[in-house]
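**Student:** File name protein.tsv; file contents TSV, N, CA and C atoms; full text below.
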```
chain	number	residue	atom	x	y	z
A	25	MET	N	111.34	41.75	151.86
A	25	MET	CA	111.19	41.29	153.21
A	25	MET	C	110.79	42.45	154.10
A	26	SER	N	109.87	42.25	154.95
A	26	SER	CA	109.38	43.29	155.84
A	26	SER	C	110.37	43.52	156.98
A	27	THR	N	110.49	44.77	157.41
A	27	THR	CA	111.39	45.08	158.51
A	27	THR	C	110.65	45.16	159.84
A	28	THR	N	109.41	44.72	159.87
A	28	THR	CA	108.60	44.85	161.09
A	28	THR	C	109.13	43.97	162.21
A	29	ILE	N	109.41	42.70	161.93
A	29	ILE	CA	109.84	41.77	162.98
A	29	ILE	C	111.23	42.14	163.52
A	30	PRO	N	112.24	42.41	162.66
A	30	PRO	CA	113.54	42.84	163.21
A	30	PRO	C	113.43	44.16	163.97
A	31	ALA	N	112.58	45.07	163.51
A	31	ALA	CA	112.42	46.35	164.20
A	31	ALA	C	111.81	46.12	165.58
A	32	ARG	N	110.82	45.24	165.68
A	32	ARG	CA	110.19	44.96	166.96
A	32	ARG	C	111.19	44.29	167.91
A	33	THR	N	111.98	43.38	167.39
A	33	THR	CA	112.99	42.70	168.20
A	33	THR	C	114.03	43.69	168.72
A	34	THR	N	114.47	44.58	167.84
A	34	THR	CA	115.45	45.59	168.24
A	34	THR	C	114.86	46.55	169.26
A	35	TYR	N	113.61	46.95	169.05
A	35	TYR	CA	112.93	47.84	169.99
A	35	TYR	C	112.87	47.21	171.37
A	36	ARG	N	112.50	45.95	171.43
A	36	ARG	CA	112.43	45.25	172.72
A	36	ARG	C	113.81	45.10	173.35
A	37	ALA	N	114.84	44.86	172.53
A	37	ALA	CA	116.20	44.74	173.06
A	37	ALA	C	116.65	46.07	173.67
A	38	LEU	N	116.31	47.17	173.01
A	38	LEU	CA	116.66	48.48	173.56
A	38	LEU	C	115.92	48.74	174.87
A	39	LEU	N	114.67	48.38	174.93
A	39	LEU	CA	113.89	48.58	176.16
A	39	LEU	C	114.44	47.75	177.31
A	40	ARG	N	114.94	46.55	177.01
A	40	ARG	CA	115.51	45.71	178.07
A	40	ARG	C	116.75	46.34	178.68
A	41	GLU	N	117.50	47.09	177.88
A	41	GLU	CA	118.74	47.68	178.37
A	41	GLU	C	118.53	49.01	179.09
A	42	LEU	N	117.36	49.59	178.97
A	42	LEU	CA	117.08	50.84	179.68
A	42	LEU	C	116.78	50.54	181.14
A	43	PRO	N	117.05	51.50	182.02
A	43	PRO	CA	116.72	51.27	183.43
A	43	PRO	C	115.21	51.08	183.60
A	44	ARG	N	114.85	50.19	184.51
A	44	ARG	CA	113.44	49.90	184.74
A	44	ARG	C	112.82	51.00	185.59
A	45	ARG	N	111.57	51.33	185.24
A	45	ARG	CA	110.79	52.29	186.02
A	45	ARG	C	109.53	51.60	186.48
A	46	HIS	N	109.15	51.87	187.71
A	46	HIS	CA	107.95	51.24	188.25
A	46	HIS	C	106.76	52.20	188.20
A	47	LEU	N	106.82	53.15	187.31
A	47	LEU	CA	105.71	54.08	187.16
A	47	LEU	C	104.78	53.60	186.06
A	48	LYS	N	103.57	54.07	186.10
A	48	LYS	CA	102.62	53.64	185.07
A	48	LYS	C	102.84	54.36	183.75
A	49	THR	N	103.39	55.57	183.80
A	49	THR	CA	103.64	56.30	182.56
A	49	THR	C	105.05	56.02	182.07
A	50	PRO	N	105.23	55.82	180.78
A	50	PRO	CA	106.58	55.57	180.26
A	50	PRO	C	107.43	56.84	180.32
A	51	SER	N	108.72	56.64	180.42
A	51	SER	CA	109.64	57.78	180.48
A	51	SER	C	109.69	58.47	179.11
A	52	PRO	N	110.20	59.69	179.08
A	52	PRO	CA	110.34	60.37	177.78
A	52	PRO	C	111.22	59.60	176.80
A	53	LEU	N	112.23	58.89	177.32
A	53	LEU	CA	113.07	58.09	176.43
A	53	LEU	C	112.29	56.92	175.83
A	54	HIS	N	111.45	56.27	176.65
A	54	HIS	CA	110.60	55.20	176.13
A	54	HIS	C	109.64	55.75	175.07
A	55	GLN	N	109.07	56.90	175.34
A	55	GLN	CA	108.14	57.49	174.38
A	55	GLN	C	108.86	57.84	173.08
A	56	HIS	N	110.07	58.35	173.19
A	56	HIS	CA	110.84	58.71	172.01
A	56	HIS	C	111.18	57.46	171.18
A	57	LEU	N	111.60	56.39	171.86
A	57	LEU	CA	111.89	55.14	171.14
A	57	LEU	C	110.64	54.61	170.46
A	58	ARG	N	109.52	54.68	171.15
A	58	ARG	CA	108.27	54.21	170.56
A	58	ARG	C	107.93	55.00	169.30
A	59	ALA	N	108.15	56.33	169.35
A	59	ALA	CA	107.88	57.16	168.17
A	59	ALA	C	108.81	56.81	167.01
A	60	ILE	N	110.06	56.49	167.33
A	60	ILE	CA	111.02	56.15	166.28
A	60	ILE	C	110.65	54.82	165.61
A	61	PHE	N	110.22	53.85	166.42
A	61	PHE	CA	109.99	52.50	165.89
A	61	PHE	C	108.56	52.27	165.43
A	62	ARG	N	107.76	53.28	165.39
A	62	ARG	CA	106.39	53.08	164.88
A	62	ARG	C	106.45	52.61	163.44
A	63	SER	N	105.46	51.84	163.06
A	63	SER	CA	105.47	51.28	161.70
A	63	SER	C	105.26	52.36	160.64
A	64	SER	N	104.54	53.42	160.98
A	64	SER	CA	104.34	54.52	160.02
A	64	SER	C	104.77	55.83	160.67
A	65	PRO	N	106.06	56.14	160.67
A	65	PRO	CA	106.55	57.32	161.36
A	65	PRO	C	106.05	58.63	160.77
A	66	ALA	N	105.67	58.63	159.51
A	66	ALA	CA	105.21	59.88	158.91
A	66	ALA	C	103.87	60.32	159.47
A	67	THR	N	103.08	59.39	159.97
A	67	THR	CA	101.77	59.75	160.50
A	67	THR	C	101.79	60.05	161.99
A	68	SER	N	102.93	59.80	162.66
A	68	SER	CA	102.97	60.04	164.10
A	68	SER	C	103.08	61.54	164.38
A	69	PRO	N	102.42	62.02	165.42
A	69	PRO	CA	102.46	63.44	165.72
A	69	PRO	C	103.83	63.93	166.18
A	70	GLN	N	104.67	63.04	166.67
A	70	GLN	CA	105.98	63.43	167.16
A	70	GLN	C	107.06	63.35	166.09
A	71	SER	N	106.71	63.03	164.87
A	71	SER	CA	107.74	62.82	163.85
A	71	SER	C	108.51	64.10	163.55
A	72	ASN	N	107.91	65.28	163.73
A	72	ASN	CA	108.63	66.53	163.50
A	72	ASN	C	109.61	66.82	164.62
A	73	ALA	N	109.37	66.23	165.81
A	73	ALA	CA	110.24	66.49	166.95
A	73	ALA	C	111.48	65.61	166.97
A	74	LEU	N	111.55	64.62	166.10
A	74	LEU	CA	112.68	63.72	166.10
A	74	LEU	C	113.92	64.43	165.57
A	75	PRO	N	115.10	64.14	166.12
A	75	PRO	CA	116.30	64.85	165.71
A	75	PRO	C	116.88	64.39	164.39
A	76	PHE	N	116.25	63.47	163.69
A	76	PHE	CA	116.77	63.00	162.42
A	76	PHE	C	115.60	62.82	161.46
A	77	SER	N	115.93	62.70	160.20
A	77	SER	CA	114.88	62.54	159.20
A	77	SER	C	114.32	61.12	159.24
A	78	THR	N	113.06	61.00	158.90
A	78	THR	CA	112.44	59.68	158.88
A	78	THR	C	112.87	58.96	157.61
A	79	PRO	N	113.13	57.66	157.71
A	79	PRO	CA	113.55	56.91	156.52
A	79	PRO	C	112.43	56.85	155.49
A	80	LYS	N	112.79	57.06	154.25
A	80	LYS	CA	111.78	57.10	153.19
A	80	LYS	C	111.68	55.79	152.42
A	81	THR	N	112.74	55.01	152.42
A	81	THR	CA	112.72	53.74	151.70
A	81	THR	C	112.94	52.60	152.68
A	82	ASP	N	112.65	51.40	152.20
A	82	ASP	CA	112.87	50.22	153.05
A	82	ASP	C	114.35	50.01	153.35
A	83	GLU	N	115.23	50.36	152.41
A	83	GLU	CA	116.66	50.20	152.66
A	83	GLU	C	117.12	51.12	153.78
A	84	GLU	N	116.64	52.38	153.77
A	84	GLU	CA	117.00	53.31	154.83
A	84	GLU	C	116.47	52.82	156.17
A	85	ARG	N	115.25	52.31	156.16
A	85	ARG	CA	114.67	51.80	157.41
A	85	ARG	C	115.45	50.58	157.91
A	86	THR	N	115.87	49.72	157.00
A	86	THR	CA	116.66	48.55	157.38
A	86	THR	C	118.00	48.98	157.99
A	87	LEU	N	118.63	49.99	157.39
A	87	LEU	CA	119.89	50.49	157.94
A	87	LEU	C	119.68	51.07	159.34
A	88	ARG	N	118.60	51.81	159.54
A	88	ARG	CA	118.31	52.37	160.86
A	88	ARG	C	118.09	51.27	161.89
A	89	VAL	N	117.38	50.23	161.50
A	89	VAL	CA	117.13	49.12	162.42
A	89	VAL	C	118.44	48.42	162.75
A	90	GLN	N	119.32	48.25	161.75
A	90	GLN	CA	120.62	47.63	162.01
A	90	GLN	C	121.47	48.48	162.95
A	91	GLU	N	121.45	49.80	162.76
A	91	GLU	CA	122.19	50.69	163.67
A	91	GLU	C	121.65	50.59	165.09
A	92	ALA	N	120.33	50.56	165.21
A	92	ALA	CA	119.71	50.45	166.53
A	92	ALA	C	120.04	49.11	167.17
A	93	ASP	N	120.10	48.06	166.36
A	93	ASP	CA	120.45	46.74	166.87
A	93	ASP	C	121.90	46.72	167.36
A	94	GLN	N	122.79	47.36	166.64
A	94	GLN	CA	124.18	47.45	167.08
A	94	GLN	C	124.28	48.23	168.40
A	95	PHE	N	123.49	49.28	168.53
A	95	PHE	CA	123.49	50.04	169.78
A	95	PHE	C	122.96	49.19	170.93
A	96	ALA	N	121.92	48.40	170.68
A	96	ALA	CA	121.38	47.53	171.72
A	96	ALA	C	122.42	46.49	172.14
A	97	GLN	N	123.16	45.94	171.17
A	97	GLN	CA	124.22	44.98	171.51
A	97	GLN	C	125.33	45.66	172.32
A	98	TYR	N	125.67	46.88	171.96
A	98	TYR	CA	126.69	47.62	172.69
A	98	TYR	C	126.22	47.89	174.13
A	99	ALA	N	124.98	48.33	174.30
A	99	ALA	CA	124.45	48.61	175.63
A	99	ALA	C	124.43	47.34	176.48
A	100	ARG	N	124.07	46.22	175.88
A	100	ARG	CA	124.05	44.96	176.62
A	100	ARG	C	125.48	44.55	177.02
A	101	ALA	N	126.42	44.72	176.11
A	101	ALA	CA	127.81	44.38	176.41
A	101	ALA	C	128.35	45.25	177.55
A	102	GLN	N	128.00	46.53	177.56
A	102	GLN	CA	128.44	47.41	178.64
A	102	GLN	C	127.83	47.00	179.97
A	103	ARG	N	126.56	46.61	179.97
A	103	ARG	CA	125.89	46.17	181.20
A	103	ARG	C	126.54	44.90	181.73
A	104	VAL	N	126.80	43.94	180.84
A	104	VAL	CA	127.44	42.68	181.25
A	104	VAL	C	128.86	42.96	181.76
A	105	TYR	N	129.58	43.84	181.10
A	105	TYR	CA	130.94	44.20	181.53
A	105	TYR	C	130.92	44.77	182.93
A	106	SER	N	130.01	45.71	183.21
A	106	SER	CA	129.98	46.30	184.55
A	106	SER	C	129.55	45.28	185.60
A	107	ASP	N	128.64	44.36	185.24
A	107	ASP	CA	128.26	43.30	186.18
A	107	ASP	C	129.45	42.39	186.50
A	108	LEU	N	130.21	42.00	185.48
A	108	LEU	CA	131.38	41.16	185.69
A	108	LEU	C	132.46	41.88	186.48
A	109	LEU	N	132.63	43.16	186.22
A	109	LEU	CA	133.61	43.94	186.95
A	109	LEU	C	133.27	44.00	188.43
A	110	GLU	N	131.99	44.19	188.73
A	110	GLU	CA	131.56	44.19	190.14
A	110	GLU	C	131.72	42.82	190.77
A	111	ARG	N	131.42	41.78	190.02
A	111	ARG	CA	131.48	40.42	190.57
A	111	ARG	C	132.91	40.01	190.90
A	112	TYR	N	133.86	40.30	190.00
A	112	TYR	CA	135.22	39.82	190.20
A	112	TYR	C	136.12	40.82	190.91
A	113	ASN	N	135.63	42.00	191.19
A	113	ASN	CA	136.36	43.00	191.98
A	113	ASN	C	135.42	43.55	193.05
A	114	PRO	N	135.05	42.74	194.02
A	114	PRO	CA	134.03	43.18	194.97
A	114	PRO	C	134.48	44.33	195.86
A	115	GLY	N	135.76	44.51	196.06
A	115	GLY	CA	136.24	45.59	196.91
A	115	GLY	C	136.38	46.92	196.20
A	116	MET	N	136.01	46.96	194.94
A	116	MET	CA	136.21	48.16	194.16
A	116	MET	C	135.44	49.36	194.72
A	117	SER	N	134.26	49.13	195.24
A	117	SER	CA	133.44	50.24	195.72
A	117	SER	C	133.59	50.47	197.22
A	118	MET	N	134.44	49.69	197.90
A	118	MET	CA	134.63	49.85	199.35
A	118	MET	C	135.62	50.96	199.65
A	119	ASP	N	135.48	51.54	200.84
A	119	ASP	CA	136.48	52.50	201.27
A	119	ASP	C	137.70	51.76	201.83
A	120	GLU	N	138.77	52.47	202.08
A	120	GLU	CA	140.04	51.86	202.45
A	120	GLU	C	139.94	51.13	203.80
A	121	GLU	N	139.24	51.70	204.75
A	121	GLU	CA	139.12	51.06	206.07
A	121	GLU	C	138.40	49.72	205.98
A	122	GLU	N	137.36	49.66	205.18
A	122	GLU	CA	136.61	48.41	205.04
A	122	GLU	C	137.47	47.35	204.36
A	123	LYS	N	138.28	47.75	203.37
A	123	LYS	CA	139.18	46.79	202.71
A	123	LYS	C	140.19	46.21	203.70
A	124	ILE	N	140.75	47.08	204.55
A	124	ILE	CA	141.72	46.62	205.54
A	124	ILE	C	141.07	45.67	206.53
A	125	ARG	N	139.87	46.01	207.01
A	125	ARG	CA	139.17	45.16	207.97
A	125	ARG	C	138.88	43.78	207.37
A	126	LEU	N	138.41	43.74	206.13
A	126	LEU	CA	138.11	42.45	205.49
A	126	LEU	C	139.38	41.65	205.20
A	127	THR	N	140.48	42.33	204.86
A	127	THR	CA	141.73	41.63	204.64
A	127	THR	C	142.23	41.00	205.93
A	128	ALA	N	142.12	41.72	207.02
A	128	ALA	CA	142.53	41.17	208.33
A	128	ALA	C	141.66	39.97	208.70
A	129	ARG	N	140.37	40.03	208.44
A	129	ARG	CA	139.49	38.91	208.76
A	129	ARG	C	139.81	37.69	207.90
A	130	ARG	N	140.26	37.94	206.68
A	130	ARG	CA	140.59	36.84	205.77
A	130	ARG	C	141.73	36.00	206.31
A	131	VAL	N	142.69	36.63	206.98
A	131	VAL	CA	143.83	35.89	207.53
A	131	VAL	C	143.63	35.52	208.99
A	132	GLY	N	142.44	35.79	209.55
A	132	GLY	CA	142.13	35.33	210.89
A	132	GLY	C	142.25	36.35	211.99
A	133	PHE	N	142.42	37.61	211.67
A	133	PHE	CA	142.52	38.65	212.69
A	133	PHE	C	141.25	39.49	212.71
A	134	ASP	N	140.94	40.00	213.89
A	134	ASP	CA	139.88	41.00	214.03
A	134	ASP	C	140.53	42.30	214.46
A	135	LEU	N	140.27	43.36	213.74
A	135	LEU	CA	140.84	44.65	214.12
A	135	LEU	C	140.14	45.16	215.37
A	136	PRO	N	140.89	45.84	216.23
A	136	PRO	CA	140.25	46.37	217.43
A	136	PRO	C	139.34	47.55	217.08
A	137	GLU	N	138.35	47.74	217.94
A	137	GLU	CA	137.46	48.89	217.77
A	137	GLU	C	138.26	50.15	218.04
A	138	LEU	N	138.11	51.15	217.20
A	138	LEU	CA	138.82	52.41	217.40
A	138	LEU	C	138.07	53.24	218.43
A	139	HIS	N	138.84	53.90	219.27
A	139	HIS	CA	138.23	54.76	220.31
A	139	HIS	C	137.85	56.08	219.66
A	140	VAL	N	136.58	56.42	219.81
A	140	VAL	CA	136.08	57.70	219.29
A	140	VAL	C	135.72	58.56	220.50
A	141	PRO	N	136.32	59.75	220.63
A	141	PRO	CA	135.99	60.61	221.76
A	141	PRO	C	134.49	60.91	221.81
A	142	GLU	N	133.97	61.18	223.01
A	142	GLU	CA	132.53	61.37	223.23
A	142	GLU	C	131.94	62.47	222.38
A	143	GLY	N	132.60	63.56	222.20
A	143	GLY	CA	132.04	64.71	221.49
A	143	GLY	C	132.10	64.62	219.97
A	144	LYS	N	132.77	63.63	219.40
A	144	LYS	CA	132.99	63.57	217.94
A	144	LYS	C	132.22	62.44	217.27
A	145	GLU	N	131.10	62.08	217.77
A	145	GLU	CA	130.35	60.98	217.14
A	145	GLU	C	129.60	61.42	215.96
```
Could you write out this structure as structure tokens?
**Tutor:**
Amino acid sequence: MSTTIPARTTYRALLRELPRRHLKTPSPLHQHLRAIFRSSPATSPQSNALPFSTPKTDEERTLRVQEADQFAQYARAQRVYSDLLERYNPGMSMDEEEKIRLTARRVGFDLPELHVPEGKE
């Protein structure tokens, strides 16, 4: 069985989890991933720059694709976790004064404006 389709799927899954860039040139990380997932890594000019050896057999390549797929699943799970954490704990990133003001508004009170001396704005 060819590893081309699972490798392409894993490559796309990894790209989806990377931060988006609106530049026309791909980031060095995108270029590195592209070099890793090329169908013939031995012929790529960047193959010597990779921090690991290129797989020589189909079994080694399948294992590499499976490891990359597990990493993509982990990255997706971390992204979903942080999104859920933000959604269900909206005050997590607020400062203490803002939390107090919103809590007072929740029960029907408006906090008074604090007096700031003229010279300390």
**Student:** What is the CA of Arg103 in chain A to CA of Leu42 in chain A distance in Å?
**Tutor:** 10.1 Å
**Student:** Could you state the separation of CA of Leu39 in chain A and CA of His54 in chain A in Å, given to one decimal place?
**Tutor:** 7.4 Å
**Student:** Using only C-alpha atoms, determine which residues lie at most 10 Å from Ile124 in chain A, disregarding the query and same-chain residues fewer than 6 positions distant; provide the list as a PDB file with N, CA and C atoms, in the coordinates of the input.
**Tutor:**
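part36.pdb was written with the following content:
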```
ATOM      1  N   MET A 118     134.440  49.690 197.900  1.00  0.00           N
ATOM      2  CA  MET A 118     134.630  49.850 199.350  1.00  0.00           C
ATOM      3  C   MET A 118     135.620  50.960 199.650  1.00  0.00           C
ATOM      4  N   ARG A 130     140.260  37.940 206.680  1.00  0.00           N
ATOM      5  CA  ARG A 130     140.590  36.840 205.770  1.00  0.00           C
ATOM      6  C   ARG A 130     141.730  36.000 206.310  1.00  0.00           C
ATOM      7  N   LEU A 135     140.270  43.360 213.740  1.00  0.00           N
ATOM      8  CA  LEU A 135     140.840  44.650 214.120  1.00  0.00           C
ATOM      9  C   LEU A 135     140.140  45.160 215.370  1.00  0.00           C
TER      10      LEU A 135
END
```
**Student:** Chain A: which residues are alpha helix (DSSP H) by DSSP, as a VMD selection string?
**Tutor:** chain A and resid 28 to 41 52 to 60 82 to 112 120 to 130
**Student:** Would you mind telling me which residue in A:Ala101, A:Ala92, A:Leu47, A:Met116 lies nearest to Thr34 in chain A when using all atoms listed in the file?
**Tutor:**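 Checking each of A:Ala101, A:Ala92, A:Leu47, A:Met116 against Thr34 in chain A, counting all atoms listed in the file, the winner is A:Ala92.
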**Student:** Which protein, DNA or RNA residues are at most 6.5 Å from (119.1, 47.6, 169.7) in the file's coordinates when you count all atoms listed in the file, listed as a PyMOL selection string?
**Tutor:** chain A and resi 33-35+37-38+91-97
**Student:** Determine the nearest neighbour of Arg58 in chain A from the options A:His46, A:Arg32, A:Lys80, A:Arg40, counting only C-alpha atoms.
**Tutor:**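 Closest to Arg58 in chain A of all the choices is A:Arg32.
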